[in-house]
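Have a look at the structure below before the remarks.
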Amino acid sequence: HIHLVIKEGKDPLEKLMKRIGVSYVYWYNWKYKRSGHLFQDRYKSEVIEDDRYLLEVIRYIHQNPLQAEMITSNGEYRWSSYAEYTWRHSNIVDTNFILEMFSRNNETARDLFIEYMGRMSDSKKEFNLERTNRLTDEEAKEIIKNVIDNLATTQLQSMEKEKRDELLRKLKAIEGLSIRQIARIIGLNFNVVAKT
């Protein structure tokens with residue numbers, strides 16, 4: 001299995017993951033002269049909505065081979081992006097965003113990153129990819145439809161601010177429904193939803 005932290009852009013995550021999956025399966029089947037499915041299940045995703053959680057996810061990913069006892073120290077795992085954060089170059093991963101959370105000075109940022117990654121994470125407490133209270137987009141769409149009383153999302157976008165914000169607050173109070181999900185499904189800017 002793999003862990004990825006992906007910033008969603010113009011295309012929704014589902015579309016991106018489909019492209020990655022199809023391309024990889026095509027290559028793998030060609031290389032090993034096989035055909036058919038390769039992945040057992042659909043990917044699992046976890047929304048990251050704040051910087052503290054983002055750093056914890058990055059640490060969880062980098063410590064995963066260590067906690068699985070596949071390696072004895074960070075940086076040994078061949079398929080990890082850890083080296084891209086700690087060396088002077090980055091080939092695949094955009095490390096700047098994370099490193100700048102530690103310091104604007106590159107050397108200091110790398111030193112602080114290594115120190116942070118060296119502290120063991122209690123992944124069961126601090127980060128759990130298997131959270132069961134997260135709603136799927138289909139479940140979220142159904143709940144949102146009921147809360148906004150079957151209004152079209154375009155109506156919500158042009159609705160009077162006070163009434164719209166009241167509906168957004170109701171949605172944000174629902175356990176398992178993330179701010180990012182609400183924004184994506186309704187078609188509002190993430191910051192608009194987050195600030196209500």
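Starting from 1 in every chain, residues are counted up; chains themselves are A, B, ... following the order of the structure tokens, and ligands are numbered from 1 as listed.
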> Per DSSP on the backbone, what are the alpha helix (DSSP H) residues of chain A, as JSON, numbers by chain?
Replying inline: {"A": [13, 14, 15, 16, 17, 18, 19, 20, 21, 22, 23, 24, 25, 26, 27, 28, 29, 30, 31, 51, 52, 53, 54, 55, 56, 57, 58, 59, 60, 61, 62, 63, 64, 65, 66, 67, 82, 83, 84, 85, 86, 96, 97, 98, 99, 100, 101, 102, 106, 107, 108, 109, 110, 111, 112, 113, 114, 115, 116, 117, 118, 123, 124, 125, 126, 137, 138, 139, 140, 141, 142, 143, 144, 145, 146, 147, 153, 154, 155, 156, 157, 161, 162, 163, 164, 165, 166, 167, 168, 169, 170, 171, 172, 179, 180, 181, 182, 183, 184, 185, 186, 190, 191, 192, 193, 194, 195]}
Pick out the residues sitting within 12 Å of Asp165 in chain A, and hand them over as a PDB file with N, CA and C atoms, in the first residue's frame; count only C-alpha atoms, and ignore anything fewer than 3 positions along from it in its own chain.
```pdb
ATOM      1  N   ILE A 148     -30.412  21.518   3.108  1.00  0.00           N
ATOM      2  CA  ILE A 148     -30.721  22.729   2.333  1.00  0.00           C
ATOM      3  C   ILE A 148     -32.091  22.638   1.675  1.00  0.00           C
ATOM      4  N   LEU A 156     -28.078  28.305  -3.497  1.00  0.00           N
ATOM      5  CA  LEU A 156     -27.337  28.525  -2.255  1.00  0.00           C
ATOM      6  C   LEU A 156     -26.207  29.528  -2.473  1.00  0.00           C
ATOM      7  N   GLN A 157     -25.573  29.441  -3.624  1.00  0.00           N
ATOM      8  CA  GLN A 157     -24.466  30.342  -3.948  1.00  0.00           C
ATOM      9  C   GLN A 157     -24.921  31.800  -4.052  1.00  0.00           C
ATOM     10  N   SER A 158     -26.159  32.000  -4.502  1.00  0.00           N
ATOM     11  CA  SER A 158     -26.659  33.370  -4.681  1.00  0.00           C
ATOM     12  C   SER A 158     -27.613  33.801  -3.562  1.00  0.00           C
ATOM     13  N   MET A 159     -27.755  32.981  -2.549  1.00  0.00           N
ATOM     14  CA  MET A 159     -28.663  33.242  -1.432  1.00  0.00           C
ATOM     15  C   MET A 159     -28.162  34.392  -0.563  1.00  0.00           C
ATOM     16  N   GLU A 160     -29.098  35.034   0.133  1.00  0.00           N
ATOM     17  CA  GLU A 160     -28.751  36.075   1.101  1.00  0.00           C
ATOM     18  C   GLU A 160     -27.750  35.496   2.111  1.00  0.00           C
ATOM     19  N   LYS A 161     -26.710  36.270   2.409  1.00  0.00           N
ATOM     20  CA  LYS A 161     -25.584  35.790   3.217  1.00  0.00           C
ATOM     21  C   LYS A 161     -26.018  35.215   4.568  1.00  0.00           C
ATOM     22  N   GLU A 162     -26.898  35.890   5.287  1.00  0.00           N
ATOM     23  CA  GLU A 162     -27.302  35.411   6.621  1.00  0.00           C
ATOM     24  C   GLU A 162     -27.980  34.050   6.550  1.00  0.00           C
ATOM     25  N   LEU A 168     -24.992  26.786   6.355  1.00  0.00           N
ATOM     26  CA  LEU A 168     -23.616  26.287   6.429  1.00  0.00           C
ATOM     27  C   LEU A 168     -23.251  25.874   7.855  1.00  0.00           C
ATOM     28  N   ARG A 169     -23.692  26.664   8.844  1.00  0.00           N
ATOM     29  CA  ARG A 169     -23.420  26.309  10.243  1.00  0.00           C
ATOM     30  C   ARG A 169     -24.085  24.981  10.606  1.00  0.00           C
ATOM     31  N   LYS A 170     -25.298  24.759  10.112  1.00  0.00           N
ATOM     32  CA  LYS A 170     -25.985  23.483  10.364  1.00  0.00           C
ATOM     33  C   LYS A 170     -25.188  22.326   9.762  1.00  0.00           C
ATOM     34  N   LEU A 171     -24.695  22.531   8.545  1.00  0.00           N
ATOM     35  CA  LEU A 171     -23.924  21.483   7.876  1.00  0.00           C
ATOM     36  C   LEU A 171     -22.615  21.202   8.612  1.00  0.00           C
ATOM     37  N   LYS A 172     -21.944  22.262   9.050  1.00  0.00           N
ATOM     38  CA  LYS A 172     -20.658  22.096   9.741  1.00  0.00           C
ATOM     39  C   LYS A 172     -20.814  21.385  11.088  1.00  0.00           C
ATOM     40  N   LEU A 188     -18.981  26.216  -3.188  1.00  0.00           N
ATOM     41  CA  LEU A 188     -18.535  27.460  -2.574  1.00  0.00           C
ATOM     42  C   LEU A 188     -17.040  27.372  -2.286  1.00  0.00           C
ATOM     43  N   VAL A 192     -14.961  30.519   2.450  1.00  0.00           N
ATOM     44  CA  VAL A 192     -16.313  31.006   2.766  1.00  0.00           C
ATOM     45  C   VAL A 192     -16.979  30.063   3.758  1.00  0.00           C
ATOM     46  N   VAL A 193     -16.871  28.768   3.498  1.00  0.00           N
ATOM     47  CA  VAL A 193     -17.480  27.762   4.385  1.00  0.00           C
ATOM     48  C   VAL A 193     -16.763  27.758   5.735  1.00  0.00           C
ATOM     49  N   ALA A 194     -15.446  27.800   5.715  1.00  0.00           N
ATOM     50  CA  ALA A 194     -14.653  27.730   6.950  1.00  0.00           C
ATOM     51  C   ALA A 194     -14.924  28.898   7.880  1.00  0.00           C
ATOM     52  N   LYS A 195     -15.170  30.088   7.323  1.00  0.00           N
ATOM     53  CA  LYS A 195     -15.330  31.290   8.148  1.00  0.00           C
ATOM     54  C   LYS A 195     -16.726  31.478   8.725  1.00  0.00           C
ATOM     55  N   THR A 196     -17.699  30.682   8.302  1.00  0.00           N
ATOM     56  CA  THR A 196     -19.063  30.860   8.831  1.00  0.00           C
ATOM     57  C   THR A 196     -19.193  30.272  10.215  1.00  0.00           C
TER      58      THR A 196
END
```
> Counting only C-alpha atoms, what is within 10 Å of Leu112 in chain A, bar same-chain residues fewer than 4 positions away, as a PyMOL selection string?
Replying inline: chain A and resi 99+101-103+106-108+116-118
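Pairwise distance (CA of Arg164 in chain A, CA of Glu14 in chain A) equals 27.4 Å.
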